[in-house]
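Have a look at the structure below, then the notes.
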Amino acid sequence: MSQHLLELSAAQAVAAIRAGELDAAELFELYRSRAAADPLNAFTWVAEDAAVAAPAGAPLAGVPAAVKDLFCTEGVPSQSGSRILEGYRPPYTATVVAKLAKAGAPLLAKTNQDEFAMGSSNENSAYGPVLNPWDRARVPGGSSGGSAAAVAAGLAPWALGTDTGGSIRQPAAFCGIVGLKPTYGACSRYGMIAFASSLDQAGPLTRDVTDAALLLRHMVGRDQNDSTSLELPEEIRLPSRGDLKGVRLGVPQELTGTAGGIDPGVLASFEAALAQAQALGASVEPCTLPHAPHALSAYYIIAPAEASANLARFDGVRYGLRVAGDSDLDTMYSRTRAQGFGAEVKRRIMLGTYALSSGYYDAYYGTAQRVRTRISQDFQSAFAEVDFIVTPTAPTTAFELGAKSHDPLAMYLNDVCTVPMSLAGIPAISIPCGLSDGLPVGLQLAGPAFSENALLDAAYALEQALAFDGRSAWAGGGAPA
Ligand code: GLN
């Protein structure tokens, strides 16, 4: 029976519970016990007790969610992968987590992540790296690596992550699952421990596109606690499209060549998926995003600049860690921050502070903002010609633990295909499109702001045709119960 339960997608489990064929408490206990025995270090906290029963008739019927550590959850450790917040238990819950609980998706576990969401491999976590369930010698991607590994390994039915420059899409790609970054503002950021506020977005990591749509439906909406949040023009629908007739897919030359550093195995899988899209009726045409080659440079100014301001609040006074300072306040601050932050976070704070310092502000931050505007305009021009932009999600498949952890620039290059959409604030989804040397490859589809429904429909049609089977990763999460 348990093996059979594991076969159900989250949406199928919701349907089974609602039909009276499955007991929500049994499903919760199956995943809770699997998560508690996690061999991947995907979690920083796992529920010890059964969930409070979902409200009668709740649309998500009690199918629980794993939630990235950086979402504040009342009374439950919320550490953003950092030593400086070790043991911090917030007095309130993030809006999206509260919305999910209300819709009937209770909290199953908190997932490991790169510290303050800075990273692409999950190796920057103060709580140790997460292992990829396809190959435990490899990284799961980051920064939402715990969420991605947990879903891929069948340790959670679905999960929440956040994406600032690729942190939902890239780990989804590395772990062979679906990850969606919504339009900026679609989900409230209230209660998300901030990295770069003009970029941070919450989104689902799921086994398939239908699950992503179902979870997202209950996350979105205007929240008075986040002034950047807004109501979507239409409700998120469950996707049903069977073909891609009349859909125009644009392949940006700047992000899809081996010259751009895309691994040949990744490109081969990407191109095979495009052929499938054509067989479904899509047209595939080259397009151009002329400023995309500058996206990484702009992102690695803007995100650290915002982070340097956001992280100023961690001073040893208000939250988490405090290291005594010989009765001297300044020493207390600096010792706390020196011991509380990891190397990558310190690097970003220094880069960001430098980029914002008077005399350099316009040369760095100002220039990066102008590049950001150009990138948005590039997408607008492209979307006058095509419906969606398609790229590989990441230039490589999951790499070995330690392979890039001493080379920040090599690590940053992972984000080359995902950062442009973040800067433009537009929605993008990664779906698994095949294997290269036995490891999953992700295909990214990006659309105009608020095109989530159309994007999910197109991704769904392609997903059905590609028929990717991710079940071999379940063994990586322990033998199926
Ligand atoms: N890898 C990128 C970074 O390190 C993106 C992280 C994210 O999206 N949170 O900044």
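Numbering starts fresh at 1 for the residues of each chain in the structure tokens, the chains themselves are lettered A, B, ... in the order given, and ligands are numbered from 1 as they appear.
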
Using only C-alpha atoms and all ligand atoms, which residues of chain A come within 7 Å of ligand 1, and what is the closest atom pair for each, with the distance in Å to one decimal? Give it as a tab-separated table, sorted by chain and residue number.
residue	atom	partner	partner_atom_place_in_ligand_line	distance
A:Ala117	CA	ligand 1	9 (N)	4.3
A:Met118	CA	ligand 1	4 (O)	3.9
A:Gly119	CA	ligand 1	4 (O)	3.5
A:Ser120	CA	ligand 1	1 (N)	4.2
A:Gly142	CA	ligand 1	1 (N)	6.4
A:Ser143	CA	ligand 1	9 (N)	5.4
A:Thr162	CA	ligand 1	9 (N)	6.4
A:Asp163	CA	ligand 1	8 (O)	4.0
A:Thr164	CA	ligand 1	8 (O)	3.4
A:Gly165	CA	ligand 1	8 (O)	3.6
A:Gly166	CA	ligand 1	8 (O)	4.1
A:Ser167	CA	ligand 1	8 (O)	3.5
A:Ile168	CA	ligand 1	8 (O)	6.8
A:Ala303	CA	ligand 1	10 (O)	6.8
A:Tyr412	CA	ligand 1	1 (N)	6.2
A:Asp415	CA	ligand 1	1 (N)	5.8

Would you mind exporting the chosen residues as a compact mmCIF listing (two decimals), in the first residue's frame, restricted to N, CA, C and O atoms?
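What landed in out00.txt:
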# COMPACT_ATOMS: atom_id res chain seq x y z
N ALA A 117 20.01 31.86 1.00
CA ALA A 117 19.65 31.59 -0.41
C ALA A 117 20.73 32.02 -1.39
O ALA A 117 20.46 32.22 -2.57
N MET A 118 21.96 32.13 -0.89
CA MET A 118 23.07 32.52 -1.76
C MET A 118 23.85 31.29 -2.17
O MET A 118 24.65 30.76 -1.39
N GLY A 119 23.62 30.83 -3.39
CA GLY A 119 24.36 29.67 -3.86
C GLY A 119 23.58 28.90 -4.90
O GLY A 119 22.39 29.12 -5.11
N SER A 120 24.29 27.98 -5.54
CA SER A 120 23.70 27.18 -6.62
C SER A 120 23.95 25.70 -6.39
O SER A 120 23.78 24.90 -7.31
N GLY A 142 20.98 24.63 -6.05
CA GLY A 142 20.61 25.50 -4.94
C GLY A 142 20.00 26.79 -5.46
O GLY A 142 19.95 27.00 -6.67
N SER A 143 19.50 27.60 -4.61
CA SER A 143 19.63 27.43 -3.18
C SER A 143 18.53 26.57 -2.55
O SER A 143 18.70 26.14 -1.41
N THR A 162 12.26 29.29 -2.90
CA THR A 162 12.28 30.68 -3.36
C THR A 162 13.32 30.79 -4.46
O THR A 162 14.26 29.99 -4.54
N ASP A 163 13.08 31.79 -5.31
CA ASP A 163 13.93 31.97 -6.49
C ASP A 163 14.26 33.45 -6.58
O ASP A 163 13.35 34.28 -6.67
N THR A 164 15.54 33.77 -6.52
CA THR A 164 16.02 35.14 -6.62
C THR A 164 16.74 35.32 -7.96
O THR A 164 16.63 36.34 -8.61
N GLY A 165 17.48 34.26 -8.33
CA GLY A 165 18.18 34.28 -9.62
C GLY A 165 18.17 32.90 -10.27
O GLY A 165 18.90 32.66 -11.23
N GLY A 166 17.38 32.00 -9.72
CA GLY A 166 17.31 30.64 -10.29
C GLY A 166 17.12 29.55 -9.26
O GLY A 166 17.10 28.36 -9.59
N SER A 167 16.96 29.94 -8.01
CA SER A 167 17.02 28.98 -6.89
C SER A 167 15.86 28.00 -6.79
O SER A 167 15.92 27.10 -5.97
N ILE A 168 14.81 28.17 -7.58
CA ILE A 168 13.80 27.11 -7.70
C ILE A 168 14.10 26.30 -8.95
O ILE A 168 14.11 25.06 -8.94
N ALA A 303 21.91 41.92 -6.60
CA ALA A 303 21.52 41.02 -5.50
C ALA A 303 22.41 41.23 -4.27
O ALA A 303 21.88 41.38 -3.16
N TYR A 412 28.80 30.98 -10.00
CA TYR A 412 27.85 31.99 -10.49
C TYR A 412 27.42 31.69 -11.94
O TYR A 412 26.31 32.01 -12.34
N ASP A 415 24.05 30.19 -13.17
CA ASP A 415 22.81 30.96 -13.18
C ASP A 415 22.60 31.70 -14.51
O ASP A 415 21.68 32.50 -14.63

Worksheet item: Could you pull out the strand (DSSP E or B) residues of range 296-448 of chain A from DSSP and send them as a ChimeraX atom specification?
Response: /A:388-392,400,428-436,439-446

Could you produce a table of the residues of range 301-331 of chain A lying within 10 Å of range 360-380 of chain A, with the nearest pair of atoms per residue and their separation in Å rounded to one decimal, using only C-alpha atoms, ordered by chain and increasing residue number, as a tab-separated table?
residue	atom	partner	partner_atom	distance
A:Ile301	CA	A:Tyr365	CA	6.4
A:Ile302	CA	A:Tyr365	CA	6.4
A:Ala305	CA	A:Tyr365	CA	7.6

For the selection you just gave me, I'd like the residues written to a file as a CSV table (one decimal), in the first residue's frame, keeping N, CA, C and O atoms.
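Result written to again-v1.csv:
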chain,number,residue,atom,x,y,z
A,301,ILE,N,25.7,42.4,-9.0
A,301,ILE,CA,25.8,43.7,-8.3
A,301,ILE,C,24.5,43.9,-7.5
A,301,ILE,O,24.5,44.2,-6.3
A,302,ILE,N,23.4,43.8,-8.2
A,302,ILE,CA,22.1,44.1,-7.6
A,302,ILE,C,21.8,43.2,-6.4
A,302,ILE,O,21.4,43.7,-5.3
A,305,ALA,N,24.0,43.9,-3.5
A,305,ALA,CA,23.7,45.3,-2.9
A,305,ALA,C,22.5,45.2,-2.0
A,305,ALA,O,22.5,45.7,-0.9

Worksheet item: Between A:Leu70, A:Ala449, A:Ala338, A:Leu160, which is the closest to Leu321 in chain A once you count only C-alpha atoms?
Response: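 Of the candidates, the smallest distance to Leu321 in chain A is held by A:Ala338.
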
Worksheet entry | Distance criterion (only C-alpha atoms): nearest to Ala424 in chain A out of A:Ser80, A:Ser334, A:Ser198, A:Thr288 |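 Using only C-alpha atoms, Ala424 in chain A sits closest to A:Ser198.
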
Worksheet entry | Pairwise distance for CA of Leu296 in chain A and CA of Gln444 in chain A, rounded to one decimal in Å |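 Separating CA of Leu296 in chain A from CA of Gln444 in chain A is a distance of 17.1 Å.
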
Discussion item. Please extract the residues of range 64-207 of chain A with a backbone DSSP assignment of helix (DSSP H, G or I) and present them as a ChimeraX atom specification.
Written reply: /A:83-85,95-103,115-117,145-152,169-175

Discussion item. Would you compute the distance between CA of Ala58 in chain A and CA of Asp208 in chain A? Give it in Å to one decimal.
Written reply: 21.3 Å

Compile the contact shell of range 454-459 of chain A as an mmCIF file with C-alpha atoms, in the first residue's frame: residues with an atom at most 6 Å away, counting only C-alpha atoms, same-chain residues fewer than 4 positions apart removed.
data_model
loop_
_atom_site.group_PDB
_atom_site.id
_atom_site.type_symbol
_atom_site.label_atom_id
_atom_site.label_comp_id
_atom_site.auth_asym_id
_atom_site.auth_seq_id
_atom_site.Cartn_x
_atom_site.Cartn_y
_atom_site.Cartn_z
ATOM 1 C CA PRO A 239 -3.301 22.577 -17.081
ATOM 2 C CA ARG A 241 -3.488 21.316 -23.019
ATOM 3 C CA GLU A 463 5.640 17.121 -20.191
#

Item to complete: Record the distance separating CA of Ala355 in chain A and CA of Ala307 in chain A, expressed in Å with one decimal.
Response: 11.5 Å
